[in-house]
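work-v4.txt (compact mmCIF, C-alpha atoms)
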```txt
# COMPACT_ATOMS: atom_id res chain seq x y z
CA MET A 7 125.36 132.12 97.06
CA ILE A 8 126.82 129.24 99.05
CA ASN A 9 123.71 129.19 101.19
CA VAL A 10 121.54 128.87 98.14
CA ARG A 11 123.65 126.00 96.87
CA VAL A 12 123.52 124.15 100.16
CA GLY A 13 119.78 124.75 100.22
CA LYS A 14 119.38 123.31 96.73
CA PHE A 15 121.52 120.34 97.59
CA SER A 16 119.59 119.45 100.73
CA LYS A 17 116.34 119.97 98.83
CA ALA A 18 117.44 117.48 96.19
CA ILE A 19 118.46 114.96 98.85
CA ILE A 20 115.08 115.27 100.55
CA HIS A 21 113.31 114.79 97.20
CA ILE A 22 115.29 111.67 96.40
CA LEU A 23 114.65 110.23 99.86
CA ILE A 24 110.92 110.85 99.49
CA ILE A 25 110.89 109.09 96.12
CA PHE A 26 112.79 106.10 97.48
CA PHE A 27 110.50 105.91 100.47
CA ALA A 28 107.41 105.96 98.22
CA PHE A 29 108.93 103.32 95.94
CA PHE A 30 109.61 100.92 98.80
CA ILE A 31 106.19 101.43 100.33
CA GLN A 32 104.57 100.84 96.98
CA THR A 33 106.47 97.70 96.07
CA SER A 34 106.92 96.00 99.43
CA ILE A 35 104.27 97.20 101.86
CA PHE A 36 101.09 97.71 99.84
CA PRO A 37 101.05 94.23 98.30
CA LEU A 38 101.29 92.68 101.75
CA ILE A 39 98.07 94.23 102.97
CA PRO A 40 95.51 91.57 102.08
CA PHE A 41 92.39 93.72 101.98
CA LEU A 42 94.06 96.23 99.67
CA SER A 43 93.30 94.64 96.32
CA CYS A 44 94.37 97.74 94.47
CA SER A 45 97.01 100.21 95.54
CA PRO A 46 97.54 103.92 94.88
CA ASN A 47 100.37 104.92 92.58
CA LEU A 48 102.55 106.98 94.89
CA LEU A 49 105.28 107.64 92.34
CA LEU A 50 102.74 109.13 89.96
CA ILE A 51 101.45 111.45 92.66
CA ILE A 52 104.96 112.58 93.55
CA THR A 53 105.89 113.18 89.91
CA PHE A 54 102.95 115.37 89.04
CA SER A 55 102.98 117.16 92.40
CA TYR A 56 106.64 118.14 91.98
CA GLY A 57 105.94 119.27 88.45
CA LEU A 58 103.08 121.40 89.67
CA LEU A 59 104.96 122.81 92.67
CA TYR A 60 108.43 123.35 91.22
CA GLY A 61 108.04 123.66 87.44
CA GLU A 62 108.99 121.73 84.31
CA ASP A 63 112.65 121.09 85.12
CA VAL A 64 112.04 119.49 88.49
CA GLY A 65 109.03 117.68 86.98
CA ILE A 66 111.17 116.11 84.28
CA ILE A 67 113.95 115.13 86.68
CA THR A 68 111.51 113.63 89.18
CA GLY A 69 109.73 111.77 86.40
CA LEU A 70 113.03 110.53 85.08
CA PHE A 71 114.03 109.26 88.50
CA CYS A 72 110.69 107.57 89.27
CA GLY A 73 110.56 106.07 85.79
CA PHE A 74 114.10 104.81 86.16
CA LEU A 75 113.25 103.06 89.44
CA CYS A 76 110.23 101.38 87.85
CA ASP A 77 112.13 100.40 84.73
CA MET A 78 114.93 98.94 86.79
CA TYR A 79 112.60 97.07 89.03
CA PHE A 80 109.95 95.69 86.69
CA ASN A 81 110.43 93.36 83.78
CA GLY A 82 109.94 94.10 80.13
CA VAL A 83 111.62 96.57 77.83
CA PHE A 84 113.67 99.34 79.40
CA GLY A 85 112.47 102.92 79.07
CA LEU A 86 108.69 102.60 78.98
CA TYR A 87 108.23 104.04 82.45
CA ILE A 88 110.89 106.71 82.05
CA LEU A 89 109.02 107.94 78.99
CA ILE A 90 105.60 108.27 80.61
CA TYR A 91 106.78 109.57 83.98
CA SER A 92 109.01 112.28 82.57
CA VAL A 93 106.32 113.41 80.13
CA ILE A 94 103.82 113.60 82.99
CA GLY A 95 106.31 115.56 85.09
CA PHE A 96 106.90 117.97 82.23
CA ALA A 97 103.24 118.43 81.31
CA ASN A 98 102.25 119.21 84.88
CA GLY A 99 105.22 121.53 85.19
CA ILE A 100 103.75 123.77 82.51
CA LEU A 101 100.82 124.45 84.85
CA ASN A 102 103.22 125.65 87.54
CA ALA A 103 103.26 129.15 86.02
CA SER A 104 99.51 129.58 86.34
CA PHE A 105 99.18 128.12 89.78
CA PHE A 106 99.51 129.93 93.09
CA GLU A 107 96.63 128.85 95.22
CA ASP A 108 96.49 126.62 98.23
CA THR A 109 93.49 124.70 96.93
CA ILE A 110 93.32 120.96 96.51
CA THR A 111 90.92 121.09 93.53
CA LEU A 112 93.54 121.42 90.81
CA PRO A 113 95.80 118.63 92.13
CA MET A 114 92.80 116.35 92.44
CA LEU A 115 91.72 117.09 88.91
CA LEU A 116 95.27 116.52 87.71
CA SER A 117 95.43 113.26 89.64
CA LEU A 118 92.41 112.06 87.68
CA VAL A 119 93.81 113.12 84.32
CA ASN A 120 97.32 111.81 85.01
CA GLY A 121 95.99 108.52 86.35
CA LEU A 122 93.94 108.08 83.22
CA VAL A 123 96.84 108.94 80.93
CA TYR A 124 99.21 106.63 82.79
CA ASN A 125 96.83 103.67 82.84
CA VAL A 126 95.79 104.05 79.22
CA TYR A 127 99.47 104.15 78.35
CA ILE A 128 100.05 100.88 80.21
CA TYR A 129 97.00 99.40 78.50
CA ILE A 130 98.27 100.36 75.06
CA THR A 131 101.87 99.29 75.61
CA HIS A 132 101.13 95.99 77.32
CA PHE A 133 97.64 94.88 76.35
CA LEU A 134 96.54 96.48 73.12
CA ILE A 135 99.69 95.27 71.40
CA ARG A 136 98.71 91.75 72.42
CA ARG A 137 95.33 92.36 70.80
CA ARG A 138 93.27 92.73 73.94
CA PHE A 139 90.53 94.97 72.61
CA ASN A 140 88.10 94.85 75.50
CA PHE A 141 88.95 98.38 76.64
CA PRO A 142 85.69 99.10 78.53
CA PHE A 143 86.34 96.15 80.78
CA TYR A 144 89.84 97.33 81.63
CA LEU A 145 88.53 100.84 82.10
CA PHE A 146 85.97 99.88 84.70
CA ASN A 147 87.77 97.06 86.46
CA VAL A 148 91.42 98.06 86.48
CA ILE A 149 91.78 101.70 85.58
CA ALA A 150 88.87 103.15 87.54
CA PRO A 151 89.75 101.60 90.93
CA SER A 152 93.39 102.51 90.49
CA ILE A 153 92.54 106.13 89.66
CA LEU A 154 90.13 106.37 92.57
CA PHE A 155 92.69 105.07 95.03
CA THR A 156 95.32 107.41 93.68
CA LEU A 157 92.88 110.29 93.94
CA ILE A 158 92.20 109.65 97.61
CA THR A 159 95.89 109.33 98.37
CA THR A 160 96.64 112.51 96.43
CA VAL A 161 94.72 114.54 99.00
CA LEU A 162 97.02 113.34 101.77
CA ILE A 163 100.34 113.35 99.97
CA TYR A 164 99.89 116.58 98.08
CA LYS A 165 99.23 118.48 101.30
CA LEU A 166 102.50 117.14 102.74
CA LEU A 167 104.50 118.00 99.64
CA TYR A 168 102.90 121.42 99.50
CA LYS A 169 103.93 122.17 103.08
CA LEU A 170 107.44 120.99 102.29
CA ASN A 171 107.47 123.34 99.33
CA LEU A 172 106.51 126.25 101.59
CA ILE A 173 109.31 125.40 104.02
CA HIS A 174 111.79 125.28 101.15
CA LYS A 175 110.64 128.63 99.86
CA ARG A 176 111.01 130.15 103.29
CA THR A 177 114.52 128.84 103.83
CA LEU A 178 115.76 130.03 100.45
CA MET B 5 113.62 131.29 77.52
CA LYS B 6 113.34 128.89 80.44
CA ASN B 7 110.35 127.28 78.77
CA GLN B 8 112.35 126.68 75.62
CA HIS B 9 115.14 125.04 77.55
CA SER B 10 112.91 122.50 79.32
CA LYS B 11 111.14 121.73 76.06
CA ILE B 12 114.46 120.68 74.58
CA VAL B 13 115.20 118.57 77.66
CA ILE B 14 111.88 116.72 77.48
CA ILE B 15 112.38 116.03 73.76
CA ILE B 16 115.82 114.60 74.46
CA VAL B 17 114.45 112.44 77.30
CA VAL B 18 111.62 111.14 75.11
CA LEU B 19 113.96 110.34 72.24
CA LEU B 20 116.45 108.63 74.55
CA SER B 21 113.79 106.49 76.19
CA ILE B 22 112.38 105.47 72.81
CA ALA B 23 115.91 104.51 71.77
CA SER B 24 116.30 102.56 75.00
CA ILE B 25 112.96 100.80 74.48
CA THR B 26 113.98 99.75 70.99
CA PHE B 27 117.45 98.69 72.10
CA SER B 28 116.25 96.62 75.05
CA HIS B 29 113.58 95.01 72.89
CA TYR B 30 116.22 93.61 70.57
CA VAL B 31 119.02 93.06 73.09
CA PRO B 32 117.33 91.95 76.31
CA SER B 33 120.49 90.49 77.86
CA VAL B 34 122.02 93.91 78.63
CA THR B 35 119.01 95.19 80.57
CA LEU B 36 118.79 91.88 82.39
CA SER B 37 122.28 92.19 83.82
CA VAL B 38 121.79 95.86 84.74
CA ARG B 39 118.53 95.04 86.50
CA ASN B 40 120.22 92.18 88.25
CA ALA B 41 122.83 94.46 89.77
CA PHE B 42 120.18 96.97 90.80
CA SER B 43 117.96 94.37 92.43
CA SER B 44 120.85 92.87 94.38
CA VAL B 45 120.98 96.16 96.24
CA ILE B 46 117.25 96.77 96.45
CA VAL B 47 116.12 93.33 97.58
CA PRO B 48 117.80 93.30 101.03
CA ILE B 49 116.26 96.71 101.79
CA GLN B 50 112.88 95.44 100.70
CA LYS B 51 113.26 92.40 102.89
CA GLY B 52 113.87 94.64 105.87
CA ILE B 53 110.94 96.90 105.10
CA ASN B 54 108.83 93.82 104.58
CA ASN B 55 109.62 92.53 108.02
CA ILE B 56 108.68 95.84 109.62
CA GLY B 57 105.51 96.08 107.56
CA MET B 58 104.49 92.53 108.39
CA ILE B 59 104.72 93.25 112.12
CA PHE B 60 102.04 95.92 111.77
CA VAL B 61 99.88 93.96 109.37
CA ARG B 62 100.05 90.87 111.57
CA ARG B 63 99.22 92.86 114.68
CA ALA B 64 96.18 94.33 113.00
CA MET B 65 95.06 90.95 111.72
CA ASN B 66 95.83 89.00 114.89
CA SER B 67 93.30 90.59 117.17
CA THR B 68 90.41 90.14 114.79
CA ASP B 69 91.36 86.71 113.59
CA LEU B 70 91.85 84.93 116.88
CA LYS B 71 88.24 83.90 117.33
CA GLU B 72 87.97 82.76 113.77
CA ALA B 73 91.22 80.84 114.08
CA ASN B 74 90.05 78.93 117.13
CA GLU B 75 86.97 77.78 115.30
CA ARG B 76 89.03 76.76 112.33
CA ILE B 77 91.37 74.72 114.50
CA LYS B 78 88.45 72.57 115.59
CA ILE B 79 87.34 71.98 112.02
CA LEU B 80 90.89 71.28 110.90
CA GLU B 81 91.50 68.81 113.70
CA ALA B 82 88.50 66.82 112.57
CA GLN B 83 89.80 67.01 109.03
CA VAL B 84 93.26 65.80 110.05
CA ALA B 85 91.74 62.74 111.67
CA SER B 86 89.78 61.80 108.59
CA LEU B 87 92.67 62.62 106.27
CA SER B 88 95.18 60.52 108.16
CA GLU B 89 92.82 57.61 107.81
CA THR B 90 92.59 58.19 104.06
CA ASN B 91 96.33 58.63 103.94
CA ASN B 92 96.86 55.25 105.51
CA LEU B 93 94.66 53.66 102.92
CA LEU B 94 96.41 55.47 100.10
CA LYS B 95 99.83 54.50 101.42
CA THR B 96 98.88 50.87 101.25
CA LYS B 97 97.76 51.41 97.68
CA SER B 98 100.92 53.30 96.86
CA TYR B 99 103.09 50.43 98.13
CA GLU B 100 101.12 48.13 95.95
CA ALA B 101 101.58 50.48 92.99
CA ASP B 102 105.33 50.65 93.68
CA ARG B 103 105.53 46.89 93.64
CA LEU B 104 103.63 46.67 90.41
CA ARG B 105 105.67 49.46 88.86
CA ALA B 106 108.84 47.66 89.77
CA LEU B 107 107.41 44.61 88.10
CA TYR B 108 106.81 46.55 84.90
CA ASP B 109 110.13 48.39 85.23
CA LEU B 110 108.48 51.85 85.10
CA GLY B 111 110.17 54.88 86.63
CA ASP B 112 108.45 56.65 89.47
CA GLU B 113 107.08 59.70 87.72
CA TYR B 114 105.00 61.11 90.48
CA ASP B 115 107.39 61.15 93.38
CA ILE B 116 107.45 64.08 95.76
CA TYR B 117 109.45 66.91 94.25
CA PRO B 118 112.26 68.58 96.21
CA LYS B 119 111.05 71.99 97.33
CA THR B 120 112.39 75.07 98.97
CA ALA B 121 110.28 77.68 100.71
CA ALA B 122 110.55 81.35 99.81
CA ARG B 123 108.93 84.58 100.93
CA VAL B 124 107.08 86.93 98.62
CA ILE B 125 108.84 90.27 99.02
CA SER B 126 107.15 92.47 96.47
CA LYS B 127 104.52 92.55 93.79
CA ASP B 128 104.01 94.68 90.73
CA THR B 129 102.02 97.53 92.06
CA ASP B 130 99.59 97.91 89.22
CA GLU B 131 96.52 95.75 88.90
CA TRP B 132 97.69 95.17 85.34
CA PHE B 133 100.26 92.49 86.12
CA GLN B 134 100.30 89.53 88.40
CA VAL B 135 104.03 89.17 88.83
CA PHE B 136 105.86 89.00 92.13
CA LYS B 137 109.36 88.66 93.54
CA ILE B 138 110.60 86.10 96.04
CA ASP B 139 113.61 86.33 98.35
CA LYS B 140 115.58 83.43 96.86
CA GLY B 141 117.78 83.54 93.79
CA THR B 142 120.69 81.84 92.07
CA LYS B 143 122.56 81.61 95.37
CA ASP B 144 119.81 79.27 96.62
CA GLY B 145 119.81 77.25 93.43
CA ILE B 146 116.74 78.83 91.85
CA LYS B 147 116.67 78.69 88.06
CA VAL B 148 114.40 80.11 85.38
CA ASP B 149 111.33 77.91 84.64
CA MET B 150 111.19 76.33 88.07
CA ASN B 151 107.60 75.74 89.17
CA VAL B 152 106.24 77.68 92.11
CA LEU B 153 103.52 76.31 94.38
CA SER B 154 101.34 77.76 97.07
CA ASN B 155 100.36 75.54 99.96
CA LYS B 156 97.41 74.33 97.90
CA GLY B 157 98.59 74.01 94.33
CA LEU B 158 100.30 75.55 91.35
CA CYS B 159 100.85 79.26 91.61
CA GLY B 160 103.34 80.27 88.95
CA ILE B 161 106.71 79.87 87.28
CA VAL B 162 110.06 81.58 87.75
CA SER B 163 110.43 83.98 84.83
CA SER B 164 113.77 85.55 85.66
CA VAL B 165 116.29 85.13 88.41
CA GLY B 166 118.96 87.26 90.04
CA TYR B 167 121.57 86.61 92.70
CA ASN B 168 119.27 87.00 95.71
CA TYR B 169 115.81 87.25 94.22
CA ALA B 170 113.64 85.68 91.54
CA THR B 171 110.66 86.98 89.61
CA VAL B 172 107.63 84.71 89.46
CA ARG B 173 104.88 85.04 86.89
CA SER B 174 101.72 83.73 88.47
CA ILE B 175 99.27 81.64 86.46
CA ILE B 176 96.66 84.39 86.69
CA ASP B 177 98.89 86.83 84.81
CA ASP B 178 97.49 87.82 81.46
CA GLU B 179 100.46 86.31 79.62
CA SER B 180 100.47 82.98 81.42
CA ARG B 181 99.76 79.72 79.57
CA VAL B 182 99.88 76.30 81.22
CA ALA B 183 99.43 72.97 79.47
CA ALA B 184 97.11 70.97 81.68
CA MET B 185 94.91 67.89 81.79
CA THR B 186 92.04 66.51 83.79
CA GLN B 187 93.23 64.33 86.60
CA HIS B 188 91.00 61.33 86.05
CA SER B 189 90.67 61.15 82.27
CA PHE B 190 93.95 62.77 81.11
CA GLU B 191 92.13 65.02 78.65
CA ALA B 192 94.52 67.76 77.48
CA CYS B 193 93.59 71.41 77.84
CA MET B 194 95.19 74.80 78.26
CA VAL B 195 94.91 77.08 81.31
CA GLU B 196 95.20 80.75 80.37
CA GLY B 197 95.42 83.73 82.67
CA ASP B 198 93.11 86.62 81.83
CA ILE B 199 92.60 89.74 83.90
CA THR B 200 89.09 90.16 82.54
CA LEU B 201 88.25 86.96 84.41
CA TYR B 202 90.45 87.17 87.45
CA ASN B 203 88.15 89.50 89.35
CA ASN B 204 85.66 86.63 89.37
CA ASN B 205 88.45 84.36 90.61
CA ARG B 206 88.60 82.44 87.35
CA LEU B 207 91.04 81.45 84.65
CA LYS B 208 90.25 80.43 81.12
CA LEU B 209 90.28 76.79 80.08
CA THR B 210 90.69 76.27 76.35
CA GLY B 211 91.56 73.71 73.71
CA ILE B 212 89.52 70.85 75.08
CA ASN B 213 88.76 68.15 72.57
CA MET B 214 85.12 68.06 71.40
CA ASN B 215 84.73 64.46 72.49
CA ALA B 216 86.61 64.84 75.75
CA ALA B 217 84.79 63.75 78.87
CA VAL B 218 85.37 66.92 80.84
CA VAL B 219 82.64 67.98 83.23
CA ASP B 220 82.25 70.78 85.75
CA GLY B 221 84.17 70.08 88.93
CA ASP B 222 86.91 68.03 87.30
CA LYS B 223 90.30 68.39 88.92
CA ILE B 224 92.73 70.06 86.53
CA VAL B 225 96.43 69.26 86.98
CA THR B 226 99.56 70.16 85.02
CA SER B 227 100.05 67.95 82.03
CA ASN B 228 102.90 65.56 81.40
CA ILE B 229 103.30 67.01 77.90
CA SER B 230 104.10 70.50 79.20
CA SER B 231 107.68 71.54 78.47
CA LYS B 232 108.05 73.65 81.58
CA PHE B 233 105.59 72.45 84.21
CA LEU B 234 106.17 69.24 86.10
CA PRO B 235 103.27 66.81 85.78
CA ASN B 236 100.40 66.29 88.20
CA ILE B 237 100.46 69.53 90.16
CA LEU B 238 96.95 70.60 91.08
CA ILE B 239 95.88 73.86 89.42
CA GLY B 240 92.17 74.04 90.16
CA TYR B 241 88.72 72.84 89.22
CA ALA B 242 86.94 73.07 85.87
CA THR B 243 83.65 74.90 85.72
CA ASP B 244 81.09 76.12 83.16
CA ILE B 245 82.36 73.99 80.30
CA TYR B 246 80.74 74.91 76.99
CA VAL B 247 81.01 73.94 73.35
CA ASN B 248 82.70 76.55 71.16
CA ASP B 249 80.78 78.19 68.33
CA ASN B 250 82.72 76.26 65.71
CA GLN B 251 81.49 72.95 67.21
CA LEU B 252 85.05 71.58 67.09
CA SER B 253 86.28 72.12 70.60
CA LYS B 254 85.19 73.00 74.11
CA SER B 255 86.18 75.80 76.43
CA GLY B 256 85.40 76.66 79.99
CA TYR B 257 86.71 78.22 83.14
CA LEU B 258 88.97 77.14 85.92
CA ILE B 259 88.74 78.08 89.58
CA PRO B 260 92.28 78.04 90.96
CA VAL B 261 93.00 76.44 94.31
CA THR B 262 95.61 79.04 95.18
CA ASP B 263 94.38 82.16 96.93
CA PHE B 264 96.36 84.83 95.10
CA ASN B 265 95.27 87.66 97.36
CA ASN B 266 97.06 86.35 100.41
CA LEU B 267 100.27 85.04 98.97
CA THR B 268 103.11 85.57 101.44
CA GLU B 269 105.00 82.28 101.34
CA VAL B 270 105.51 80.00 98.36
CA LEU B 271 107.33 76.76 97.61
CA VAL B 272 109.71 76.48 94.70
CA ILE B 273 110.27 73.05 93.20
CA THR B 274 114.02 72.88 92.75
CA ARG B 275 113.81 70.48 89.86
CA LEU B 276 113.27 71.49 86.28
CA LYS B 277 111.11 69.66 83.82
CA SER B 278 114.02 69.67 81.41
CA ASP B 279 116.15 67.84 84.03
CA SER B 280 113.67 65.03 84.35
CA ILE B 281 113.61 64.67 80.60
CA LYS B 282 117.40 64.32 80.58
CA ASP B 283 117.26 61.67 83.30
```
Translate this structure into structure tokens?
Amino acid sequence: MINVRVGKFSKAIIHILIIFFAFFIQTSIFPLIPFLSCSPNLLLIITFSYGLLYGEDVGIITGLFCGFLCDMYFNGVFGLYILIYSVIGFANGILNASFFEDTITLPMLLSLVNGLVYNVYIYITHFLIRRRFNFPFYLFNVIAPSILFTLITTVLIYKLLYKLNLIHKRTL
Amino acid sequence: MKNQHSKIVIIIVVLLSIASITFSHYVPSVTLSVRNAFSSVIVPIQKGINNIGMIFVRRAMNSTDLKEANERIKILEAQVASLSETNNLLKTKSYEADRLRALYDLGDEYDIYPKTAARVISKDTDEWFQVFKIDKGTKDGIKVDMNVLSNKGLCGIVSSVGYNYATVRSIIDDESRVAAMTQHSFEACMVEGDITLYNNNRLKLTGINMNAAVVDGDKIVTSNISSKFLPNILIGYATDIYVNDNQLSKSGYLIPVTDFNNLTEVLVITRLKSDSIKD
């Protein structure tokens, strides 16, 4: 029992450290790279991967944490990011039950869908309400590159998180 | 059973965040102070990470750029020679202008503004926003609405400020509006950020009078009627001016002088427009 608790605790610490690490890379390293005009959304990848690998509860908590970091860090009303990240974490967590394989296809597909949902959400909450109706433009010039970048990064990061998940399962 | 439990949790989270969105929309001061405290902790860490990251980025850039840089030095040296000559000429004219101004008892409106340099430490990660943070805050005397310049011209305005950091909204952000004018004919216009144009390295130029003598290539500077921007800071050059459909005004585009893709250091003018009005 104690072992399990210690295991859970260290697991949580590792998760939080990973999220922090991703957050710092995303906000302070990516923008410095001049030829990277568009950067992958690491926090989004982590949120949906954890949902997929560990279930709804971990998905919600991860989403909550990532959303909180974004809300704290960026300007505007408080809670917008918490809302979308935790919903994404939860929705992907539902798929956890029907997912056992070591394939990358499902995560990649999810990366596409989640990226689209996230970006459309940002479009609606920040642009549509200011009456910017030119959605096709935003779709092709902002959303598409961002999704593509995130998709490529998903392949790398998901593999890492998946291996970590296996290690956790073995130790518990 | 477990499913049910997490469904309840997500509903609670959604409701709470909607409540928080509503609350912070109407009472922005609370979130501002919370964010301030959070950023005071985050910013030093970011600065450190930045330094490490820059070492790698610089190393990667250095090797490829050396050849290019050497060639540029030659061109720049030639430019310095010709510019110092022009500068001499202009100085003479400026002394003359000073003398005449003193005669007319006019204040010196276009003196060199006091500036402080700051480093860009982070940017909003999405393509959606063009907002960035700099490593100077209230402790360095930065205040909201101070103008921010790149080494070439206007780059943005301080939109919020914390103890050791400040947030700058660049002029290419979709919500940015700058009152401007043409440098030689003082025709008023408005420079608007628009992400549908930024990919072509352009901003929108609106509200030009139908009879205004604005042509492509005109230098656009900040206007003296702006409430927040100090006058006569170079923004960019007008291009593709056209007459609006209603035949009452003209619009066009502006090519900014600042290169927003490689923004690592900026200058903050430590004087507010409102101060100069008080003086």
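With only C-alpha atoms as the basis for measurement, A:Gly69 is the residue among A:Phe27, A:Gly69, A:Val123, A:Thr160 that approaches A:Ser92 most closely.
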| request: Show me which bits of chain A are within 9 Å of chain B, counting all atoms listed in the file, as a VMD selection string. | output: chain A and resid 30 to 47 62 to 63 66 70 77 to 90 92 to 93 96 100 125 128 to 129 132 to 133 140 143 to 144 147 to 149 152
Selection file, C-alpha atoms, as an mmCIF file, keeping the file's coordinate frame:
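And here is the file that came out, again24.cif:
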```
data_model
loop_
_atom_site.group_PDB
_atom_site.id
_atom_site.type_symbol
_atom_site.label_atom_id
_atom_site.label_comp_id
_atom_site.auth_asym_id
_atom_site.auth_seq_id
_atom_site.Cartn_x
_atom_site.Cartn_y
_atom_site.Cartn_z
ATOM 1 C CA PHE A 30 109.610 100.920 98.800
ATOM 2 C CA ILE A 31 106.190 101.430 100.330
ATOM 3 C CA GLN A 32 104.570 100.840 96.980
ATOM 4 C CA THR A 33 106.470 97.700 96.070
ATOM 5 C CA SER A 34 106.920 96.000 99.430
ATOM 6 C CA ILE A 35 104.270 97.200 101.860
ATOM 7 C CA PHE A 36 101.090 97.710 99.840
ATOM 8 C CA PRO A 37 101.050 94.230 98.300
ATOM 9 C CA LEU A 38 101.290 92.680 101.750
ATOM 10 C CA ILE A 39 98.070 94.230 102.970
ATOM 11 C CA PRO A 40 95.510 91.570 102.080
ATOM 12 C CA PHE A 41 92.390 93.720 101.980
ATOM 13 C CA LEU A 42 94.060 96.230 99.670
ATOM 14 C CA SER A 43 93.300 94.640 96.320
ATOM 15 C CA CYS A 44 94.370 97.740 94.470
ATOM 16 C CA SER A 45 97.010 100.210 95.540
ATOM 17 C CA PRO A 46 97.540 103.920 94.880
ATOM 18 C CA ASN A 47 100.370 104.920 92.580
ATOM 19 C CA GLU A 62 108.990 121.730 84.310
ATOM 20 C CA ASP A 63 112.650 121.090 85.120
ATOM 21 C CA ILE A 66 111.170 116.110 84.280
ATOM 22 C CA LEU A 70 113.030 110.530 85.080
ATOM 23 C CA ASP A 77 112.130 100.400 84.730
ATOM 24 C CA MET A 78 114.930 98.940 86.790
ATOM 25 C CA TYR A 79 112.600 97.070 89.030
ATOM 26 C CA PHE A 80 109.950 95.690 86.690
ATOM 27 C CA ASN A 81 110.430 93.360 83.780
ATOM 28 C CA GLY A 82 109.940 94.100 80.130
ATOM 29 C CA VAL A 83 111.620 96.570 77.830
ATOM 30 C CA PHE A 84 113.670 99.340 79.400
ATOM 31 C CA GLY A 85 112.470 102.920 79.070
ATOM 32 C CA LEU A 86 108.690 102.600 78.980
ATOM 33 C CA TYR A 87 108.230 104.040 82.450
ATOM 34 C CA ILE A 88 110.890 106.710 82.050
ATOM 35 C CA LEU A 89 109.020 107.940 78.990
ATOM 36 C CA ILE A 90 105.600 108.270 80.610
ATOM 37 C CA SER A 92 109.010 112.280 82.570
ATOM 38 C CA VAL A 93 106.320 113.410 80.130
ATOM 39 C CA PHE A 96 106.900 117.970 82.230
ATOM 40 C CA ILE A 100 103.750 123.770 82.510
ATOM 41 C CA ASN A 125 96.830 103.670 82.840
ATOM 42 C CA ILE A 128 100.050 100.880 80.210
ATOM 43 C CA TYR A 129 97.000 99.400 78.500
ATOM 44 C CA HIS A 132 101.130 95.990 77.320
ATOM 45 C CA PHE A 133 97.640 94.880 76.350
ATOM 46 C CA ASN A 140 88.100 94.850 75.500
ATOM 47 C CA PHE A 143 86.340 96.150 80.780
ATOM 48 C CA TYR A 144 89.840 97.330 81.630
ATOM 49 C CA ASN A 147 87.770 97.060 86.460
ATOM 50 C CA VAL A 148 91.420 98.060 86.480
ATOM 51 C CA ILE A 149 91.780 101.700 85.580
ATOM 52 C CA SER A 152 93.390 102.510 90.490
#
```
| message | Rounded to one decimal, what separation in Å do you get between atom CA of B:Ser37 and atom CA of B:Gly166? | response |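 For atom CA of B:Ser37 relative to atom CA of B:Gly166, the distance reads 8.6 Å.
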| query | Taking (113.7, 82.0, 88.0) in the file's coordinates, which residues come within 10 Å, counting only C-alpha atoms, written as a ChimeraX atom specification? | reply | /B:137-138,140-142,145-152,161-166,169-173,272
| task | Pull the neighbourhood of (93.4, 64.8, 79.8) for me: all residues within 12 Å in file coordinates, counting all atoms listed in the file, as a ChimeraX atom specification. | result | /B:183-194,211-213,215-219,222-229,235-236
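Picture a line from atom CA of B:Thr274 to atom CA of B:Thr120; it runs 6.8 Å.
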| Straight-line distance linking atom CA of A:Leu170 with atom CA of A:Ser16, stated in Å to one decimal | 12.3 Å
Could you write out as JSON the box around stretch 209-213 of chain B (axis-aligned, all atoms listed in the file, 5 Å on each side), with centre and edge lengths in Å to one decimal?
```
{"center_x": 90.2, "center_y": 72.5, "center_z": 76.3, "size_x": 12.8, "size_y": 18.6, "size_z": 17.5}
```
| task | Write out as a PyMOL selection string each polymer residue whose atoms come within 10 Å of A:Gly99, counting only C-alpha atoms; drop sequence neighbours fewer than 5 positions from it. | result | (chain A and resi 53-66+93-94+104) or (chain B and resi 10)
Repaired coordinates for stretch 147-154 of chain B (N, CA and C atoms) as a PDB file, in the frame of the given file:
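Below is the file that was written, rebuild_1.pdb:
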```
ATOM      1  N   LYS B 147     116.404  78.472  89.481  1.00  0.00           N
ATOM      2  CA  LYS B 147     116.670  78.690  88.060  1.00  0.00           C
ATOM      3  C   LYS B 147     115.385  79.112  87.352  1.00  0.00           C
ATOM      4  N   VAL B 148     115.560  79.708  86.183  1.00  0.00           N
ATOM      5  CA  VAL B 148     114.400  80.110  85.380  1.00  0.00           C
ATOM      6  C   VAL B 148     113.594  78.867  85.007  1.00  0.00           C
ATOM      7  N   ASP B 149     112.269  78.997  84.994  1.00  0.00           N
ATOM      8  CA  ASP B 149     111.330  77.910  84.640  1.00  0.00           C
ATOM      9  C   ASP B 149     111.053  76.932  85.763  1.00  0.00           C
ATOM     10  N   MET B 150     111.573  77.206  86.967  1.00  0.00           N
ATOM     11  CA  MET B 150     111.190  76.330  88.070  1.00  0.00           C
ATOM     12  C   MET B 150     109.743  76.612  88.457  1.00  0.00           C
ATOM     13  N   ASN B 151     109.012  75.576  88.827  1.00  0.00           N
ATOM     14  CA  ASN B 151     107.600  75.740  89.170  1.00  0.00           C
ATOM     15  C   ASN B 151     107.448  76.253  90.598  1.00  0.00           C
ATOM     16  N   VAL B 152     106.463  77.101  90.785  1.00  0.00           N
ATOM     17  CA  VAL B 152     106.240  77.680  92.110  1.00  0.00           C
ATOM     18  C   VAL B 152     104.842  77.271  92.595  1.00  0.00           C
ATOM     19  N   LEU B 153     104.785  76.771  93.828  1.00  0.00           N
ATOM     20  CA  LEU B 153     103.520  76.310  94.380  1.00  0.00           C
ATOM     21  C   LEU B 153     103.106  77.149  95.584  1.00  0.00           C
ATOM     22  N   SER B 154     101.818  77.233  95.796  1.00  0.00           N
ATOM     23  CA  SER B 154     101.340  77.760  97.070  1.00  0.00           C
ATOM     24  C   SER B 154     101.121  76.541  97.954  1.00  0.00           C
TER      25      SER B 154
END
```
